[in-house]
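*Asks:* My structure is in query.cif, and what it holds is mmCIF, N, CA and C atoms:
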data_coords
#
loop_
_atom_site.label_atom_id
_atom_site.label_comp_id
_atom_site.auth_asym_id
_atom_site.auth_seq_id
_atom_site.Cartn_x
_atom_site.Cartn_y
_atom_site.Cartn_z
N MET A 1 -5.26 2.37 13.85
CA MET A 1 -4.14 1.44 13.75
C MET A 1 -2.85 2.25 13.55
N ASP A 2 -1.81 1.80 14.16
CA ASP A 2 -0.51 2.45 14.10
C ASP A 2 0.06 2.41 12.67
N PRO A 3 0.64 3.53 12.18
CA PRO A 3 1.20 3.54 10.82
C PRO A 3 2.23 2.44 10.57
N SER A 4 3.02 2.08 11.58
CA SER A 4 4.03 1.04 11.37
C SER A 4 3.39 -0.33 11.16
N GLN A 5 2.27 -0.58 11.81
CA GLN A 5 1.54 -1.84 11.60
C GLN A 5 0.94 -1.87 10.19
N ILE A 6 0.39 -0.75 9.78
CA ILE A 6 -0.18 -0.64 8.43
C ILE A 6 0.93 -0.82 7.40
N GLU A 7 2.06 -0.17 7.63
CA GLU A 7 3.20 -0.29 6.72
C GLU A 7 3.65 -1.74 6.58
N ALA A 8 3.71 -2.45 7.70
CA ALA A 8 4.12 -3.86 7.66
C ALA A 8 3.14 -4.70 6.86
N LYS A 9 1.83 -4.47 7.04
CA LYS A 9 0.82 -5.22 6.29
C LYS A 9 0.91 -4.91 4.80
N LEU A 10 1.06 -3.63 4.46
CA LEU A 10 1.18 -3.25 3.05
C LEU A 10 2.44 -3.84 2.43
N THR A 11 3.53 -3.82 3.17
CA THR A 11 4.79 -4.37 2.66
C THR A 11 4.65 -5.85 2.38
N ARG A 12 4.06 -6.59 3.32
CA ARG A 12 3.86 -8.04 3.10
C ARG A 12 2.96 -8.29 1.90
N GLN A 13 1.91 -7.50 1.77
CA GLN A 13 0.98 -7.71 0.65
C GLN A 13 1.64 -7.40 -0.69
N ILE A 14 2.37 -6.31 -0.76
CA ILE A 14 3.04 -5.95 -2.01
C ILE A 14 4.09 -7.00 -2.37
N ALA A 15 4.81 -7.48 -1.38
CA ALA A 15 5.79 -8.55 -1.63
C ALA A 15 5.08 -9.78 -2.19
N SER A 16 3.93 -10.11 -1.62
CA SER A 16 3.16 -11.26 -2.10
C SER A 16 2.67 -11.04 -3.54
N ILE A 17 2.12 -9.87 -3.79
CA ILE A 17 1.62 -9.56 -5.14
C ILE A 17 2.74 -9.65 -6.17
N LEU A 18 3.92 -9.13 -5.80
CA LEU A 18 5.04 -9.08 -6.75
C LEU A 18 5.90 -10.33 -6.73
N SER A 19 5.57 -11.27 -5.84
CA SER A 19 6.34 -12.52 -5.70
C SER A 19 7.81 -12.25 -5.40
N VAL A 20 8.04 -11.38 -4.44
CA VAL A 20 9.39 -11.08 -3.99
C VAL A 20 9.47 -11.24 -2.47
N GLU A 21 10.68 -11.21 -1.94
CA GLU A 21 10.87 -11.31 -0.50
C GLU A 21 10.50 -9.98 0.16
N VAL A 22 9.92 -10.07 1.35
CA VAL A 22 9.56 -8.86 2.09
C VAL A 22 10.77 -7.97 2.31
N LYS A 23 11.92 -8.57 2.57
CA LYS A 23 13.14 -7.78 2.81
C LYS A 23 13.56 -6.95 1.60
N ASP A 24 13.07 -7.30 0.41
CA ASP A 24 13.41 -6.57 -0.80
C ASP A 24 12.49 -5.37 -1.05
N ILE A 25 11.48 -5.21 -0.21
CA ILE A 25 10.54 -4.10 -0.36
C ILE A 25 10.95 -2.98 0.59
N LYS A 26 11.26 -1.84 0.03
CA LYS A 26 11.65 -0.66 0.82
C LYS A 26 10.44 0.27 0.92
N PRO A 27 9.96 0.52 2.15
CA PRO A 27 8.75 1.34 2.33
C PRO A 27 8.86 2.77 1.81
N GLU A 28 10.08 3.28 1.68
CA GLU A 28 10.24 4.65 1.21
C GLU A 28 10.46 4.74 -0.31
N ALA A 29 10.52 3.60 -0.98
CA ALA A 29 10.72 3.58 -2.44
C ALA A 29 9.40 3.84 -3.17
N PRO A 30 9.44 4.61 -4.25
CA PRO A 30 8.22 4.79 -5.05
C PRO A 30 7.68 3.43 -5.51
N LEU A 31 6.36 3.28 -5.44
CA LEU A 31 5.75 1.99 -5.78
C LEU A 31 6.14 1.51 -7.17
N HIS A 32 6.20 2.41 -8.13
CA HIS A 32 6.53 1.98 -9.50
C HIS A 32 7.94 1.41 -9.59
N THR A 33 8.86 1.88 -8.74
CA THR A 33 10.22 1.34 -8.78
C THR A 33 10.30 -0.05 -8.15
N LEU A 34 9.28 -0.39 -7.35
CA LEU A 34 9.23 -1.72 -6.76
C LEU A 34 8.70 -2.75 -7.76
N GLY A 35 8.08 -2.25 -8.84
CA GLY A 35 7.52 -3.14 -9.84
C GLY A 35 6.00 -3.17 -9.85
N VAL A 36 5.38 -2.26 -9.10
CA VAL A 36 3.92 -2.20 -9.07
C VAL A 36 3.44 -1.60 -10.39
N ASP A 37 2.67 -2.40 -11.13
CA ASP A 37 2.09 -1.94 -12.38
C ASP A 37 0.58 -1.79 -12.20
N SER A 38 -0.14 -1.55 -13.28
CA SER A 38 -1.58 -1.29 -13.16
C SER A 38 -2.33 -2.49 -12.57
N LEU A 39 -1.99 -3.70 -12.96
CA LEU A 39 -2.67 -4.88 -12.45
C LEU A 39 -2.37 -5.09 -10.96
N SER A 40 -1.11 -5.00 -10.59
CA SER A 40 -0.77 -5.18 -9.18
C SER A 40 -1.31 -4.03 -8.33
N PHE A 41 -1.45 -2.85 -8.92
CA PHE A 41 -2.03 -1.71 -8.20
C PHE A 41 -3.50 -2.00 -7.87
N VAL A 42 -4.22 -2.57 -8.81
CA VAL A 42 -5.62 -2.92 -8.56
C VAL A 42 -5.70 -3.97 -7.45
N GLU A 43 -4.81 -4.95 -7.46
CA GLU A 43 -4.78 -5.94 -6.39
C GLU A 43 -4.53 -5.27 -5.04
N LEU A 44 -3.65 -4.29 -5.03
CA LEU A 44 -3.36 -3.56 -3.80
C LEU A 44 -4.59 -2.78 -3.33
N LEU A 45 -5.31 -2.16 -4.24
CA LEU A 45 -6.51 -1.41 -3.88
C LEU A 45 -7.56 -2.33 -3.26
N VAL A 46 -7.75 -3.50 -3.83
CA VAL A 46 -8.71 -4.47 -3.28
C VAL A 46 -8.29 -4.87 -1.87
N PHE A 47 -7.01 -5.12 -1.67
CA PHE A 47 -6.49 -5.47 -0.34
C PHE A 47 -6.76 -4.35 0.65
N ILE A 48 -6.50 -3.11 0.27
CA ILE A 48 -6.70 -1.97 1.17
C ILE A 48 -8.17 -1.87 1.58
N GLU A 49 -9.06 -2.00 0.62
CA GLU A 49 -10.49 -1.93 0.95
C GLU A 49 -10.89 -3.01 1.94
N LYS A 50 -10.44 -4.24 1.71
CA LYS A 50 -10.82 -5.36 2.57
C LYS A 50 -10.12 -5.31 3.92
N GLU A 51 -8.82 -5.13 3.92
CA GLU A 51 -8.03 -5.20 5.15
C GLU A 51 -8.30 -4.05 6.11
N PHE A 52 -8.46 -2.84 5.55
CA PHE A 52 -8.60 -1.66 6.39
C PHE A 52 -10.02 -1.09 6.39
N GLN A 53 -10.93 -1.80 5.75
CA GLN A 53 -12.34 -1.39 5.72
C GLN A 53 -12.50 0.05 5.24
N ILE A 54 -11.83 0.34 4.12
CA ILE A 54 -11.88 1.68 3.54
C ILE A 54 -12.59 1.61 2.20
N ASN A 55 -13.62 2.44 2.05
CA ASN A 55 -14.26 2.58 0.76
C ASN A 55 -13.44 3.60 -0.02
N LEU A 56 -12.67 3.13 -0.97
CA LEU A 56 -11.72 4.00 -1.67
C LEU A 56 -12.40 5.14 -2.41
N MET A 57 -13.61 4.91 -2.90
CA MET A 57 -14.32 5.97 -3.63
C MET A 57 -14.68 7.13 -2.71
N GLU A 58 -14.82 6.86 -1.44
CA GLU A 58 -15.21 7.90 -0.47
C GLU A 58 -14.09 8.27 0.49
N SER A 59 -12.91 7.73 0.28
CA SER A 59 -11.83 7.85 1.26
C SER A 59 -11.08 9.18 1.21
N GLY A 60 -11.07 9.83 0.08
CA GLY A 60 -10.28 11.05 -0.06
C GLY A 60 -8.81 10.78 -0.35
N LEU A 61 -8.46 9.49 -0.54
CA LEU A 61 -7.07 9.18 -0.90
C LEU A 61 -6.77 9.78 -2.27
N ARG A 62 -5.58 10.38 -2.37
CA ARG A 62 -5.18 11.03 -3.62
C ARG A 62 -3.96 10.33 -4.20
N ALA A 63 -3.63 10.66 -5.42
CA ALA A 63 -2.51 10.03 -6.11
C ALA A 63 -1.22 10.15 -5.30
N GLU A 64 -0.97 11.30 -4.69
CA GLU A 64 0.27 11.48 -3.93
C GLU A 64 0.34 10.57 -2.70
N ASP A 65 -0.82 10.11 -2.21
CA ASP A 65 -0.84 9.18 -1.08
C ASP A 65 -0.27 7.82 -1.48
N PHE A 66 -0.27 7.53 -2.76
CA PHE A 66 0.18 6.24 -3.27
C PHE A 66 1.62 6.26 -3.78
N LYS A 67 2.37 7.29 -3.46
CA LYS A 67 3.76 7.38 -3.94
C LYS A 67 4.61 6.26 -3.36
N THR A 68 4.51 6.07 -2.05
CA THR A 68 5.32 5.05 -1.38
C THR A 68 4.44 4.30 -0.37
N ILE A 69 4.94 3.17 0.09
CA ILE A 69 4.23 2.44 1.14
C ILE A 69 4.14 3.30 2.38
N ARG A 70 5.20 4.02 2.69
CA ARG A 70 5.22 4.87 3.89
C ARG A 70 4.17 5.96 3.81
N SER A 71 4.07 6.64 2.68
CA SER A 71 3.06 7.71 2.55
C SER A 71 1.65 7.12 2.59
N LEU A 72 1.47 5.97 2.00
CA LEU A 72 0.16 5.33 1.99
C LEU A 72 -0.23 4.87 3.40
N SER A 73 0.69 4.29 4.13
CA SER A 73 0.36 3.82 5.48
C SER A 73 0.04 4.99 6.40
N GLY A 74 0.75 6.11 6.24
CA GLY A 74 0.46 7.29 7.03
C GLY A 74 -0.94 7.82 6.77
N ARG A 75 -1.31 7.84 5.51
CA ARG A 75 -2.64 8.35 5.13
C ARG A 75 -3.74 7.39 5.61
N ILE A 76 -3.53 6.10 5.48
CA ILE A 76 -4.52 5.13 5.92
C ILE A 76 -4.71 5.24 7.44
N SER A 77 -3.63 5.46 8.17
CA SER A 77 -3.74 5.54 9.64
C SER A 77 -4.58 6.74 10.07
N ARG A 78 -4.69 7.74 9.23
CA ARG A 78 -5.49 8.93 9.56
C ARG A 78 -6.95 8.79 9.14
N GLN A 79 -7.30 7.68 8.52
CA GLN A 79 -8.68 7.48 8.07
C GLN A 79 -9.61 7.21 9.23
#
Using structure tokens, write down the structure from this file.
*Replies:*
Amino acid sequence: MDPSQIEAKLTRQIASILSVEVKDIKPEAPLHTLGVDSLSFVELLVFIEKEFQINLMESGLRAEDFKTIRSLSGRISRQ
């Protein structure tokens, strides 16, 4: 899947989780500055596993992959 498509899906999901408008989510902003906390992060992980069919325990995703939506979408596209 194209990174821009993944980025769009992640952006919509994070906006939904945080109850904000999609236009207010900047893909290059650190997730914590968007308001992602531990609970919303877990919701995001569940979404990633279901939407992209990724077993996170076996995926090799690292903490730095979760810095921004853009970095995360790039890493997911390489899975």
*Asks:* Which neighbours of Phe41 in chain A fall inside 10 Å, counting only C-alpha atoms, when residues of the same chain fewer than 4 positions from it are skipped, and could you give them as a VMD selection string?
*Replies:* chain A and resid 14 17 31 to 32 35 to 37 45 to 47 66
*Asks:* List the neighbours of range 54-62 of chain A out to 8 Å using all atoms listed in the file; skip same-chain residues closer than 5 positions along the sequence, and give me the result as a PyMOL selection string.
*Replies:* chain A and resi 45+47-49+67+75-76+79
*Asks:* Go ahead and write the selection's residues with N, CA and C atoms as a PDB file, keeping the file's coordinate frame.
*Replies:*
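Below is the file that was written, out06.pdb:
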ATOM      1  N   LEU A  45      -5.310  -2.160  -4.240  1.00  0.00           N
ATOM      2  CA  LEU A  45      -6.510  -1.410  -3.880  1.00  0.00           C
ATOM      3  C   LEU A  45      -7.560  -2.330  -3.260  1.00  0.00           C
ATOM      4  N   PHE A  47      -7.010  -5.120  -1.670  1.00  0.00           N
ATOM      5  CA  PHE A  47      -6.490  -5.470  -0.340  1.00  0.00           C
ATOM      6  C   PHE A  47      -6.760  -4.350   0.650  1.00  0.00           C
ATOM      7  N   ILE A  48      -6.500  -3.110   0.270  1.00  0.00           N
ATOM      8  CA  ILE A  48      -6.700  -1.970   1.170  1.00  0.00           C
ATOM      9  C   ILE A  48      -8.170  -1.870   1.580  1.00  0.00           C
ATOM     10  N   GLU A  49      -9.060  -2.000   0.620  1.00  0.00           N
ATOM     11  CA  GLU A  49     -10.490  -1.930   0.950  1.00  0.00           C
ATOM     12  C   GLU A  49     -10.890  -3.010   1.940  1.00  0.00           C
ATOM     13  N   LYS A  67       2.370   7.290  -3.460  1.00  0.00           N
ATOM     14  CA  LYS A  67       3.760   7.380  -3.940  1.00  0.00           C
ATOM     15  C   LYS A  67       4.610   6.260  -3.360  1.00  0.00           C
ATOM     16  N   ARG A  75      -1.310   7.840   5.510  1.00  0.00           N
ATOM     17  CA  ARG A  75      -2.640   8.350   5.130  1.00  0.00           C
ATOM     18  C   ARG A  75      -3.740   7.390   5.610  1.00  0.00           C
ATOM     19  N   ILE A  76      -3.530   6.100   5.480  1.00  0.00           N
ATOM     20  CA  ILE A  76      -4.520   5.130   5.920  1.00  0.00           C
ATOM     21  C   ILE A  76      -4.710   5.240   7.440  1.00  0.00           C
ATOM     22  N   GLN A  79      -7.300   7.680   8.520  1.00  0.00           N
ATOM     23  CA  GLN A  79      -8.680   7.480   8.070  1.00  0.00           C
ATOM     24  C   GLN A  79      -9.610   7.210   9.230  1.00  0.00           C
TER      25      GLN A  79
END
*Asks:* In Å to one decimal, how far is atom C of Ser40 in chain A from atom C of Phe52 in chain A?
*Replies:*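 Between atom C of Phe52 in chain A and atom C of Ser40 in chain A the gap works out to 17.4 Å.
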*Asks:* Do you know which residues the PyMOL selection byres (((chain A and resi 68-73 and name CA) around 10) and name CA) returns on this file, as JSON, numbers by chain?
*Replies:* {"A": [1, 2, 3, 4, 5, 6, 7, 8, 9, 10, 11, 14, 25, 26, 27, 28, 29, 30, 31, 32, 33, 34, 61, 62, 63, 64, 65, 66, 67, 74, 75, 76, 77, 78]}
*Asks:* When you draw a straight line from atom C of Ser38 in chain A to CA of Gln13 in chain A, how long is it in Å?
*Replies:*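 If I compute the distance from atom C of Ser38 in chain A to CA of Gln13 in chain A, I get 14.6 Å.
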*Asks:* Just how far from atom C of Ala15 in chain A is atom N of Gln53 in chain A, in Å to one decimal?
*Replies:*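 Separation between atom N of Gln53 in chain A and atom C of Ala15 in chain A: 19.6 Å.
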*Asks:* Give the helix (DSSP H, G or I) residues of chain A, as assigned by DSSP on the backbone, as number ranges by chain.
*Replies:* A: 3-18, 22-24, 31-34, 38-52, 56-58, 63-66, 69-77
*Asks:* Around all the atoms of range 6-16 of chain A listed in the file, draw an axis-aligned box and extend it by 4 Å on each of the six sides; I want its centre and edge lengths in Å to one decimal, as lines of an AutoDock Vina configuration file.
*Replies:*
center_x = 2.8
center_y = -5.7
center_z = 3.1
size_x = 14.0
size_y = 19.1
size_z = 21.3
